[in-house]
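What follows is a single structure, written as structure tokens, with notes after it.
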Amino acid sequence: MWTCCAAPTTTGAATGATKRPIVCSAAEAAAREVRRAADLGFPVGLVRPIDARGAYPNDIGRVMASGREEKGPMDVLFRTFEETGVLLGMHTFPAGVLGRTAFPGALTSPGELVNHAGADSQTLSFIFEMQSWLAQVLLGGFLDRYPNLKMAVFESNSQWLPYMLETCDRLFKLYANERRVKAARLPSEAFYEQCVISFESDEEPTMIQWDRFDTVGIWASDCYHHDGADAWSAIRAMREIGVPEVTQARLMGGNARRLYGIEPKVFVTEEPPPIERPDWFPQGAELEEWADLVAHPRENADVLRERGISSLPPAEVFASPVYGGGSS
């Protein structure tokens with residue numbers, strides 16, 4: 001498995017984290033790294049919720065199969081997060097390419113199912129991975145086993161959360177007699193008491209449901225991805241929707257400060273003007289032409305390659321069955 005340690009930064013995502021991958025061969029090694037990071041003042045450790053090398057982080061299947069208060073193989077890691085006070089950040093990623101599985105015929109990430117359709121897994125992989133993780137930990141009493149654990153859901157969108165919590169609550173009650181492990185709280189209660197979730201400036205459905213995110217939502221810029229947005233765009237959207245000012249303050253920083261133990265300081269009070277570009281920077285008609293070309297990479301693959309602005313594979317690859325071309 002691997003973990004990432006996150007430290008505050010003025011230029012990173014609004015979750016206040018910068019990622020530094022650390023490869024670990026076992027849960028004990030990961031736990032030692034979390035302790036070392038905690039000693040250095042890092043407030044967050046990131047774990048990806050996938051079945052890496054046949055070991056899912058929670059391994060809920062083994063615990064449920066035993067029907068006992070058995071310690072899962074990752075127990076030492078989660079106990080370390082509790083003891084150090086480091087926030088457990090669950091951070092999803094795009095799924096692997098076709099054929100890269102834990103073993104032949106197995107899936108490492110549910111996002112790989114999107115790859116099987118010949119589409120980019122990024123379209124839904126982040127959401128699939130996080131929903132799979134949350135369903136297991138919320139229905140399986142994971143947070144009751146680690147009551148002092150604080151967990152954050154990163155970069156997985158957020159508007160789906162209220163519906164999922166309501167569904168998990170209903171199933172939690174409906175199948176109570178079949179539950180093999182102790183779970184004292186409803187999934188929604190456990191989440192609101194121990195978890196937070198990040199959202200970005202274009203997630204207006206989340207802002208419309210502001211009352212469900214008031215104390216658990218944390219705005220994130222997604223910087224430095226090309227679709228990252230600044231805080232001002234989120235503020236404008238929330239004002240247009242009618243999100244109360246007190247809730248805006250929590251979503252745009254209050255919840256993050258509380259979670260990370262950050263003392264509030266004011267650095268910016270006015271929105272900066274548009275960036276002035278030098279004359280050589282693509283703009284106007286030239287920029288519009290480029291945007292149209294990259295919006296249709298398959299049709300314009302040759303032109304993009306000629307101009308040296310394409311990382312696309314050769315045209316013959318697009319003709320293969322993997323990309324929907326040729327014969328299957």
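For the structure tokens, the naming scheme is as follows: chains receive sequential letters (A, B, ...) according to their order of presentation, residues are indexed from 1 within each chain, and ligands are indexed from 1 in presentation order.
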
Residues of segment 214-244 of chain A at most 12 Å from segment 189-194 of chain A: nearest atom pair and distance in Å, only C-alpha atoms, as CSV:
residue,atom,partner,partner_atom,distance
A:Asp214,CA,A:Tyr192,CA,10.2
A:Thr215,CA,A:Tyr192,CA,7.8
A:Val216,CA,A:Tyr192,CA,6.7
A:Gly217,CA,A:Tyr192,CA,10.2

Would you save the residues from that selection as a compact mmCIF listing (two decimals), in the first residue's frame, using C-alpha atoms?
# COMPACT_ATOMS: atom_id res chain seq x y z
CA ASP A 214 -22.75 23.26 6.46
CA THR A 215 -20.41 21.62 8.99
CA VAL A 216 -18.70 18.98 6.83
CA GLY A 217 -17.95 20.73 3.51

Backbone-only DSSP, strand (DSSP E) members of segment 192-270 of chain A, as a ChimeraX atom specification: /A:195-199,217-219

May I have the selected residues written with C-alpha atoms, as a compact mmCIF listing (two decimals), in the first residue's frame?
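Result written to selection22.txt:
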# COMPACT_ATOMS: atom_id res chain seq x y z
CA CYS A 195 -15.82 13.15 8.63
CA VAL A 196 -15.62 16.01 6.16
CA ILE A 197 -15.73 16.14 2.36
CA SER A 198 -14.15 18.53 -0.12
CA PHE A 199 -15.96 20.23 -3.00
CA GLY A 217 -17.95 20.73 3.51
CA ILE A 218 -14.49 22.10 2.68
CA TRP A 219 -13.91 24.11 -0.48

Between atom CA of Leu134 of chain A and atom CA of Lys71 of chain A, what is the distance, to one decimal in Å?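 Spanning atom CA of Leu134 of chain A to atom CA of Lys71 of chain A is a straight-line distance of 19.1 Å.
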
Helix (DSSP H, G or I) residues, from DSSP on the backbone, in segment 215-297 of chain A, as number ranges by chain: A: 231-241, 245-260, 284-295

Write a file of the just-selected residues containing C-alpha atoms, as a compact mmCIF listing (two decimals), in the first residue's frame.
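Now in out.txt:
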# COMPACT_ATOMS: atom_id res chain seq x y z
CA ALA A 231 -12.19 30.98 -4.24
CA TRP A 232 -13.93 33.97 -5.79
CA SER A 233 -15.78 31.84 -8.33
CA ALA A 234 -17.12 29.66 -5.52
CA ILE A 235 -18.18 32.72 -3.51
CA ARG A 236 -20.01 34.20 -6.51
CA ALA A 237 -21.83 30.93 -7.14
CA MET A 238 -22.91 30.60 -3.51
CA ARG A 239 -24.15 34.18 -3.39
CA GLU A 240 -26.21 33.65 -6.54
CA ILE A 241 -27.71 30.48 -5.06
CA GLU A 245 -23.11 34.11 4.75
CA VAL A 246 -22.36 32.14 7.93
CA THR A 247 -22.41 28.88 5.94
CA GLN A 248 -20.22 30.40 3.24
CA ALA A 249 -17.67 31.25 5.91
CA ARG A 250 -17.63 27.66 7.15
CA LEU A 251 -17.41 26.13 3.69
CA MET A 252 -14.71 28.52 2.49
CA GLY A 253 -12.38 28.08 5.44
CA GLY A 254 -14.05 27.72 8.82
CA ASN A 255 -14.47 23.95 8.64
CA ALA A 256 -10.92 23.49 7.37
CA ARG A 257 -9.46 25.66 10.14
CA ARG A 258 -11.37 23.71 12.77
CA LEU A 259 -10.29 20.37 11.35
CA TYR A 260 -6.61 21.25 10.89
CA GLY A 284 -8.23 35.63 -29.11
CA ALA A 285 -8.86 33.66 -32.31
CA GLU A 286 -5.69 31.61 -31.89
CA LEU A 287 -6.76 30.44 -28.44
CA GLU A 288 -10.28 29.66 -29.64
CA GLU A 289 -8.88 27.56 -32.49
CA TRP A 290 -6.67 25.61 -30.07
CA ALA A 291 -9.61 25.02 -27.70
CA ASP A 292 -11.69 23.65 -30.57
CA LEU A 293 -8.88 21.34 -31.70
CA VAL A 294 -8.21 19.81 -28.29
CA ALA A 295 -11.94 19.47 -27.62

Using only C-alpha atoms, the residue out of A:Leu161, A:Leu171, A:Ala27, A:Ile262 with shortest distance to Phe213 of chain A is A:Leu161
